[in-house]
$ cat coords_2.txt   # compact mmCIF, N, CA and C atoms and all ligand atoms
# COMPACT_ATOMS: atom_id res chain seq x y z
N MET A 1 35.88 67.01 104.29
CA MET A 1 35.52 68.37 104.73
C MET A 1 34.36 68.90 103.89
N SER A 2 33.21 68.94 104.46
CA SER A 2 32.06 69.42 103.71
C SER A 2 31.56 70.79 104.18
N LEU A 3 32.10 71.22 105.27
CA LEU A 3 31.64 72.52 105.78
C LEU A 3 32.29 73.68 105.04
N MET A 4 31.46 74.59 104.63
CA MET A 4 32.02 75.80 104.00
C MET A 4 32.42 76.73 105.13
N SER A 5 33.57 77.28 105.00
CA SER A 5 33.94 78.17 106.11
C SER A 5 33.62 79.62 105.79
N ASN A 6 32.36 79.91 105.98
CA ASN A 6 31.89 81.28 105.76
C ASN A 6 31.97 82.11 107.02
N LEU A 7 32.36 81.46 108.06
CA LEU A 7 32.25 82.14 109.34
C LEU A 7 33.56 82.76 109.81
N LYS A 8 34.48 82.86 108.90
CA LYS A 8 35.74 83.48 109.32
C LYS A 8 35.56 84.96 109.63
N GLY A 9 36.30 85.41 110.59
CA GLY A 9 36.19 86.81 110.99
C GLY A 9 34.88 87.10 111.66
N ARG A 10 34.76 86.74 112.88
CA ARG A 10 33.53 87.00 113.61
C ARG A 10 33.30 88.50 113.73
N GLN A 11 32.05 88.88 113.53
CA GLN A 11 31.74 90.30 113.63
C GLN A 11 31.18 90.64 114.99
N LYS A 12 31.69 91.70 115.51
CA LYS A 12 31.22 92.21 116.79
C LYS A 12 30.76 93.62 116.51
N SER A 13 29.87 94.12 117.32
CA SER A 13 29.61 95.53 117.13
C SER A 13 29.88 96.27 118.42
N LYS A 14 30.36 97.46 118.21
CA LYS A 14 30.73 98.31 119.33
C LYS A 14 29.85 99.53 119.28
N VAL A 15 29.43 100.00 120.42
CA VAL A 15 28.52 101.14 120.43
C VAL A 15 29.28 102.39 120.88
N TYR A 16 29.06 103.44 120.12
CA TYR A 16 29.72 104.71 120.41
C TYR A 16 28.70 105.81 120.68
N THR A 17 29.11 106.77 121.44
CA THR A 17 28.29 107.93 121.74
C THR A 17 29.00 109.17 121.19
N ILE A 18 28.27 109.97 120.45
CA ILE A 18 28.82 111.23 119.96
C ILE A 18 28.22 112.36 120.78
N GLU A 19 29.08 113.11 121.42
CA GLU A 19 28.63 114.25 122.21
C GLU A 19 28.98 115.54 121.49
N GLU A 20 28.11 116.50 121.61
CA GLU A 20 28.35 117.77 120.96
C GLU A 20 28.23 118.89 121.98
N CYS A 21 29.19 119.80 121.94
CA CYS A 21 29.17 120.92 122.88
C CYS A 21 28.11 121.93 122.46
N LEU A 22 27.32 122.37 123.43
CA LEU A 22 26.26 123.33 123.14
C LEU A 22 26.82 124.72 122.91
N SER A 23 28.03 124.99 123.37
CA SER A 23 28.60 126.32 123.23
C SER A 23 29.48 126.47 122.00
N CYS A 24 30.42 125.54 121.81
CA CYS A 24 31.35 125.73 120.70
C CYS A 24 31.17 124.70 119.58
N GLY A 25 30.30 123.71 119.81
CA GLY A 25 30.02 122.75 118.74
C GLY A 25 31.04 121.65 118.59
N GLN A 26 32.01 121.59 119.46
CA GLN A 26 33.00 120.51 119.35
C GLN A 26 32.34 119.14 119.54
N LYS A 27 32.74 118.21 118.70
CA LYS A 27 32.17 116.87 118.82
C LYS A 27 33.19 115.91 119.39
N THR A 28 32.72 115.05 120.26
CA THR A 28 33.59 114.06 120.88
C THR A 28 32.97 112.70 120.70
N LYS A 29 33.80 111.75 120.35
CA LYS A 29 33.34 110.38 120.21
C LYS A 29 33.92 109.57 121.36
N ARG A 30 33.06 108.84 122.02
CA ARG A 30 33.56 107.98 123.09
C ARG A 30 32.74 106.71 123.13
N ALA A 31 33.22 105.76 123.89
CA ALA A 31 32.49 104.50 124.02
C ALA A 31 31.19 104.74 124.76
N PHE A 32 30.15 104.05 124.33
CA PHE A 32 28.85 104.14 124.97
C PHE A 32 28.94 103.68 126.42
N GLN A 33 28.25 104.40 127.27
CA GLN A 33 28.17 103.99 128.68
C GLN A 33 26.71 103.80 129.03
N SER A 34 26.44 102.88 129.91
CA SER A 34 25.04 102.63 130.25
C SER A 34 24.43 103.88 130.86
N GLY A 35 23.22 104.18 130.46
CA GLY A 35 22.57 105.40 130.93
C GLY A 35 22.61 106.50 129.88
N ASP A 36 23.40 106.31 128.84
CA ASP A 36 23.46 107.29 127.76
C ASP A 36 22.19 107.25 126.91
N PHE A 37 21.71 108.40 126.53
CA PHE A 37 20.62 108.46 125.56
C PHE A 37 20.72 109.77 124.80
N VAL A 38 20.15 109.78 123.60
CA VAL A 38 20.26 110.95 122.74
C VAL A 38 19.57 112.16 123.40
N TYR A 39 20.22 113.28 123.31
CA TYR A 39 19.79 114.57 123.88
C TYR A 39 20.07 114.70 125.37
N LYS A 40 20.67 113.70 125.94
CA LYS A 40 21.04 113.82 127.34
C LYS A 40 22.16 114.86 127.46
N VAL A 41 22.01 115.75 128.40
CA VAL A 41 23.05 116.75 128.62
C VAL A 41 23.86 116.29 129.83
N GLY A 42 25.14 116.21 129.64
CA GLY A 42 25.90 115.64 130.73
C GLY A 42 27.31 116.14 130.82
N GLY A 43 28.14 115.66 129.93
CA GLY A 43 29.58 115.92 130.02
C GLY A 43 29.99 117.38 129.94
N GLU A 44 31.26 117.58 130.11
CA GLU A 44 31.81 118.92 130.03
C GLU A 44 32.76 118.99 128.86
N CYS A 45 32.66 120.03 128.08
CA CYS A 45 33.53 120.20 126.92
C CYS A 45 34.97 120.40 127.36
N THR A 46 35.86 119.70 126.68
CA THR A 46 37.27 119.81 127.06
C THR A 46 37.87 121.11 126.56
N LYS A 47 37.18 121.74 125.64
CA LYS A 47 37.72 122.95 125.01
C LYS A 47 37.25 124.21 125.74
N CYS A 48 35.94 124.32 125.93
CA CYS A 48 35.41 125.56 126.50
C CYS A 48 34.70 125.36 127.83
N LYS A 49 34.69 124.14 128.33
CA LYS A 49 34.03 123.81 129.60
C LYS A 49 32.51 123.98 129.54
N GLY A 50 32.00 124.07 128.34
CA GLY A 50 30.55 124.18 128.19
C GLY A 50 29.87 122.83 128.39
N LYS A 51 28.57 122.84 128.31
CA LYS A 51 27.80 121.60 128.46
C LYS A 51 27.81 120.80 127.16
N MET A 52 27.93 119.49 127.33
CA MET A 52 27.88 118.59 126.18
C MET A 52 26.53 117.90 126.14
N LYS A 53 26.03 117.77 124.92
CA LYS A 53 24.76 117.08 124.73
C LYS A 53 25.05 115.87 123.84
N ILE A 54 24.40 114.76 124.11
CA ILE A 54 24.59 113.59 123.26
C ILE A 54 23.82 113.80 121.96
N ALA A 55 24.55 113.81 120.86
CA ALA A 55 23.94 114.06 119.56
C ALA A 55 23.53 112.78 118.87
N MET A 56 24.26 111.72 119.13
CA MET A 56 24.02 110.49 118.39
C MET A 56 24.61 109.30 119.13
N ILE A 57 23.93 108.18 119.00
CA ILE A 57 24.46 106.92 119.53
C ILE A 57 24.38 105.91 118.39
N TYR A 58 25.47 105.27 118.10
CA TYR A 58 25.43 104.32 116.99
C TYR A 58 26.36 103.14 117.21
N GLY A 59 26.06 102.09 116.50
CA GLY A 59 26.89 100.90 116.58
C GLY A 59 27.75 100.76 115.34
N GLU A 60 28.94 100.29 115.54
CA GLU A 60 29.87 100.08 114.43
C GLU A 60 30.27 98.63 114.44
N LYS A 61 30.32 98.06 113.26
CA LYS A 61 30.76 96.67 113.20
C LYS A 61 32.28 96.63 113.29
N VAL A 62 32.74 95.75 114.13
CA VAL A 62 34.17 95.62 114.27
C VAL A 62 34.56 94.20 113.87
N GLU A 63 35.46 94.08 112.95
CA GLU A 63 35.89 92.74 112.56
C GLU A 63 37.14 92.36 113.32
N GLU A 64 37.13 91.12 113.71
CA GLU A 64 38.30 90.69 114.48
C GLU A 64 39.01 89.56 113.79
ZN ZN B 1 32.82 123.64 123.89
$ encode --input "coords_2.txt" --output "structure tokens"
Amino acid sequence: MSLMSNLKGRQKSKVYTIEECLSCGQKTKRAFQSGDFVYKVGGECTKCKGKMKIAMIYGEKVEE
């Protein structure tokens, strides 16, 4: 056995979208969906029914 096993635990990354309500400021994290981009106004706030704006899109490393 000459192979070093450095490859244990494959890393995957998952992309998340952070939405922020324009009225009450509530932030929601959800899985990224195609068509999402920063500053896009789309969703509805679950708290005040205001408009949600995408504040941030980021990837997180997930170890499996
Ligand atoms: Zn709100």
$ residues_around --input "coords_2.txt" --residues "A:Gly42" --least-positions-apart "4" --cutoff "8 Å" --atoms "only N, CA and C atoms" --output "PDB file with N, CA and C atoms, keeping the file's coordinate frame"
ATOM      1  N   GLY A  50      32.000 124.070 128.340  1.00  0.00           N
ATOM      2  CA  GLY A  50      30.550 124.180 128.190  1.00  0.00           C
ATOM      3  C   GLY A  50      29.870 122.830 128.390  1.00  0.00           C
ATOM      4  N   LYS A  51      28.570 122.840 128.310  1.00  0.00           N
ATOM      5  CA  LYS A  51      27.800 121.600 128.460  1.00  0.00           C
ATOM      6  C   LYS A  51      27.810 120.800 127.160  1.00  0.00           C
ATOM      7  N   MET A  52      27.930 119.490 127.330  1.00  0.00           N
ATOM      8  CA  MET A  52      27.880 118.590 126.180  1.00  0.00           C
ATOM      9  C   MET A  52      26.530 117.900 126.140  1.00  0.00           C
ATOM     10  N   LYS A  53      26.030 117.770 124.920  1.00  0.00           N
ATOM     11  CA  LYS A  53      24.760 117.080 124.730  1.00  0.00           C
ATOM     12  C   LYS A  53      25.050 115.870 123.840  1.00  0.00           C
ATOM     13  N   ILE A  54      24.400 114.760 124.110  1.00  0.00           N
ATOM     14  CA  ILE A  54      24.590 113.590 123.260  1.00  0.00           C
ATOM     15  C   ILE A  54      23.820 113.800 121.960  1.00  0.00           C
TER      16      ILE A  54
END
$ atom_distance --input "coords_2.txt" --atom1 "atom CA of A:Ile57" --atom2 "atom C of A:Tyr16"
4.5 Å
$ select_by_dssp --input "coords_2.txt" --residues "chain A" --states "strand (DSSP E or B)" --output "PyMOL selection string"
chain A and resi 11-21+27-31+41-44+51-63
$ residues_near_ligand --input "coords_2.txt" --ligand "ligand ZN 1 (chain B)" --cutoff "5 Å" --atoms "only N, CA and C atoms and all ligand atoms" --output "list in words"
Cys21, Ser23, Cys24, Gly25, Gln26, Cys45, Lys47, Cys48, Lys49 and Gly50 of chain A
$ residues_around --input "coords_2.txt" --residues "A:Gly59" --least-positions-apart "2" --cutoff "9 Å" --atoms "only C-alpha atoms" --output "MDAnalysis selection string"
chainID A and resid 13:17 57 61
$ atom_distance --input "coords_2.txt" --atom1 "atom N of A:Glu64" --atom2 "atom CA of A:Gln11"
5.5 Å
$ atom_distance --input "coords_2.txt" --atom1 "atom C of A:Lys12" --atom2 "atom CA of A:Glu63"
6.5 Å
$ axis_aligned_box --input "coords_2.txt" --around "stretch 17-33 of chain A" --padding-each-side "5 Å" --output "AutoDock Vina command-line options"
--center_x 30.1 --center_y 115.1 --center_z 123.8 --size_x 17.7 --size_y 32.8 --size_z 20.4
$ residues_around --input "coords_2.txt" --residues "A:Ala55" --least-positions-apart "6" --cutoff "8 Å" --atoms "all atoms listed in the file" --output "list of chain:residue names"
A:Thr17, A:Ile18, A:Glu19, A:Glu20, A:Cys21, A:Phe37, A:Val38, A:Tyr39, A:Lys40
$ decode --input "coords_2.txt" --residues "chain A" --atoms "C-alpha atoms" --output "PDB file, in the first residue's frame"
ATOM      1  CA  MET A   1       0.000   0.000   0.000  1.00  0.00           C
ATOM      2  CA  SER A   2       1.778   3.092  -1.180  1.00  0.00           C
ATOM      3  CA  LEU A   3      -1.125   5.431  -1.615  1.00  0.00           C
ATOM      4  CA  MET A   4      -1.618   8.012   1.062  1.00  0.00           C
ATOM      5  CA  SER A   5      -5.230   8.335   1.850  1.00  0.00           C
ATOM      6  CA  ASN A   6      -5.618  12.059   1.945  1.00  0.00           C
ATOM      7  CA  LEU A   7      -8.861  11.951   0.168  1.00  0.00           C
ATOM      8  CA  LYS A   8     -11.080  10.844   2.972  1.00  0.00           C
ATOM      9  CA  GLY A   9     -14.187  12.892   3.461  1.00  0.00           C
ATOM     10  CA  ARG A  10     -15.045  14.267   0.087  1.00  0.00           C
ATOM     11  CA  GLN A  11     -15.913  17.914   0.180  1.00  0.00           C
ATOM     12  CA  LYS A  12     -18.977  19.228  -1.481  1.00  0.00           C
ATOM     13  CA  SER A  13     -20.179  22.726  -1.477  1.00  0.00           C
ATOM     14  CA  LYS A  14     -23.704  23.857  -1.112  1.00  0.00           C
ATOM     15  CA  VAL A  15     -24.957  27.233  -2.178  1.00  0.00           C
ATOM     16  CA  TYR A  16     -27.267  29.267  -0.008  1.00  0.00           C
ATOM     17  CA  THR A  17     -29.229  32.432  -0.563  1.00  0.00           C
ATOM     18  CA  ILE A  18     -29.798  34.937   2.218  1.00  0.00           C
ATOM     19  CA  GLU A  19     -32.900  37.038   1.789  1.00  0.00           C
ATOM     20  CA  GLU A  20     -33.615  40.133   3.782  1.00  0.00           C
ATOM     21  CA  CYS A  21     -36.979  41.766   4.276  1.00  0.00           C
ATOM     22  CA  LEU A  22     -37.086  45.378   3.135  1.00  0.00           C
ATOM     23  CA  SER A  23     -39.700  46.243   5.758  1.00  0.00           C
ATOM     24  CA  CYS A  24     -38.752  44.491   8.975  1.00  0.00           C
ATOM     25  CA  GLY A  25     -35.219  43.307   8.237  1.00  0.00           C
ATOM     26  CA  GLN A  26     -35.867  39.647   8.915  1.00  0.00           C
ATOM     27  CA  LYS A  27     -33.279  37.423   7.322  1.00  0.00           C
ATOM     28  CA  THR A  28     -34.030  34.058   5.815  1.00  0.00           C
ATOM     29  CA  LYS A  29     -31.575  31.461   4.663  1.00  0.00           C
ATOM     30  CA  ARG A  30     -32.606  29.029   1.998  1.00  0.00           C
ATOM     31  CA  ALA A  31     -31.066  26.846  -0.643  1.00  0.00           C
ATOM     32  CA  PHE A  32     -29.968  28.651  -3.772  1.00  0.00           C
ATOM     33  CA  GLN A  33     -32.333  28.380  -6.699  1.00  0.00           C
ATOM     34  CA  SER A  34     -31.417  29.002 -10.287  1.00  0.00           C
ATOM     35  CA  GLY A  35     -32.213  32.557 -11.267  1.00  0.00           C
ATOM     36  CA  ASP A  36     -31.210  33.969  -7.892  1.00  0.00           C
ATOM     37  CA  PHE A  37     -28.895  36.955  -7.851  1.00  0.00           C
ATOM     38  CA  VAL A  38     -27.897  39.543  -5.284  1.00  0.00           C
ATOM     39  CA  TYR A  39     -30.351  42.456  -4.939  1.00  0.00           C
ATOM     40  CA  LYS A  40     -33.096  40.571  -6.674  1.00  0.00           C
ATOM     41  CA  VAL A  41     -36.414  41.407  -5.077  1.00  0.00           C
ATOM     42  CA  GLY A  42     -38.696  38.474  -5.024  1.00  0.00           C
ATOM     43  CA  GLY A  43     -39.946  36.543  -2.058  1.00  0.00           C
ATOM     44  CA  GLU A  44     -42.462  37.495   0.550  1.00  0.00           C
ATOM     45  CA  CYS A  45     -41.559  37.918   4.195  1.00  0.00           C
ATOM     46  CA  THR A  46     -43.135  35.289   6.390  1.00  0.00           C
ATOM     47  CA  LYS A  47     -43.394  37.768   9.230  1.00  0.00           C
ATOM     48  CA  CYS A  48     -44.782  40.968   7.758  1.00  0.00           C
ATOM     49  CA  LYS A  49     -45.583  39.986   4.158  1.00  0.00           C
ATOM     50  CA  GLY A  50     -43.164  42.626   2.959  1.00  0.00           C
ATOM     51  CA  LYS A  51     -40.849  42.276  -0.006  1.00  0.00           C
ATOM     52  CA  MET A  52     -37.690  40.246   0.379  1.00  0.00           C
ATOM     53  CA  LYS A  53     -34.458  41.216  -1.287  1.00  0.00           C
ATOM     54  CA  ILE A  54     -31.543  38.849  -1.782  1.00  0.00           C
ATOM     55  CA  ALA A  55     -28.747  40.183   0.390  1.00  0.00           C
ATOM     56  CA  MET A  56     -26.122  37.549  -0.168  1.00  0.00           C
ATOM     57  CA  ILE A  57     -25.371  34.334  -2.003  1.00  0.00           C
ATOM     58  CA  TYR A  58     -22.618  32.126  -0.717  1.00  0.00           C
ATOM     59  CA  GLY A  59     -21.251  28.643  -0.823  1.00  0.00           C
ATOM     60  CA  GLU A  60     -20.575  26.515   2.208  1.00  0.00           C
ATOM     61  CA  LYS A  61     -18.348  23.515   2.284  1.00  0.00           C
ATOM     62  CA  VAL A  62     -20.138  20.442   3.400  1.00  0.00           C
ATOM     63  CA  GLU A  63     -18.190  17.425   4.519  1.00  0.00           C
ATOM     64  CA  GLU A  64     -19.663  14.061   4.054  1.00  0.00           C
TER      65      GLU A  64
END
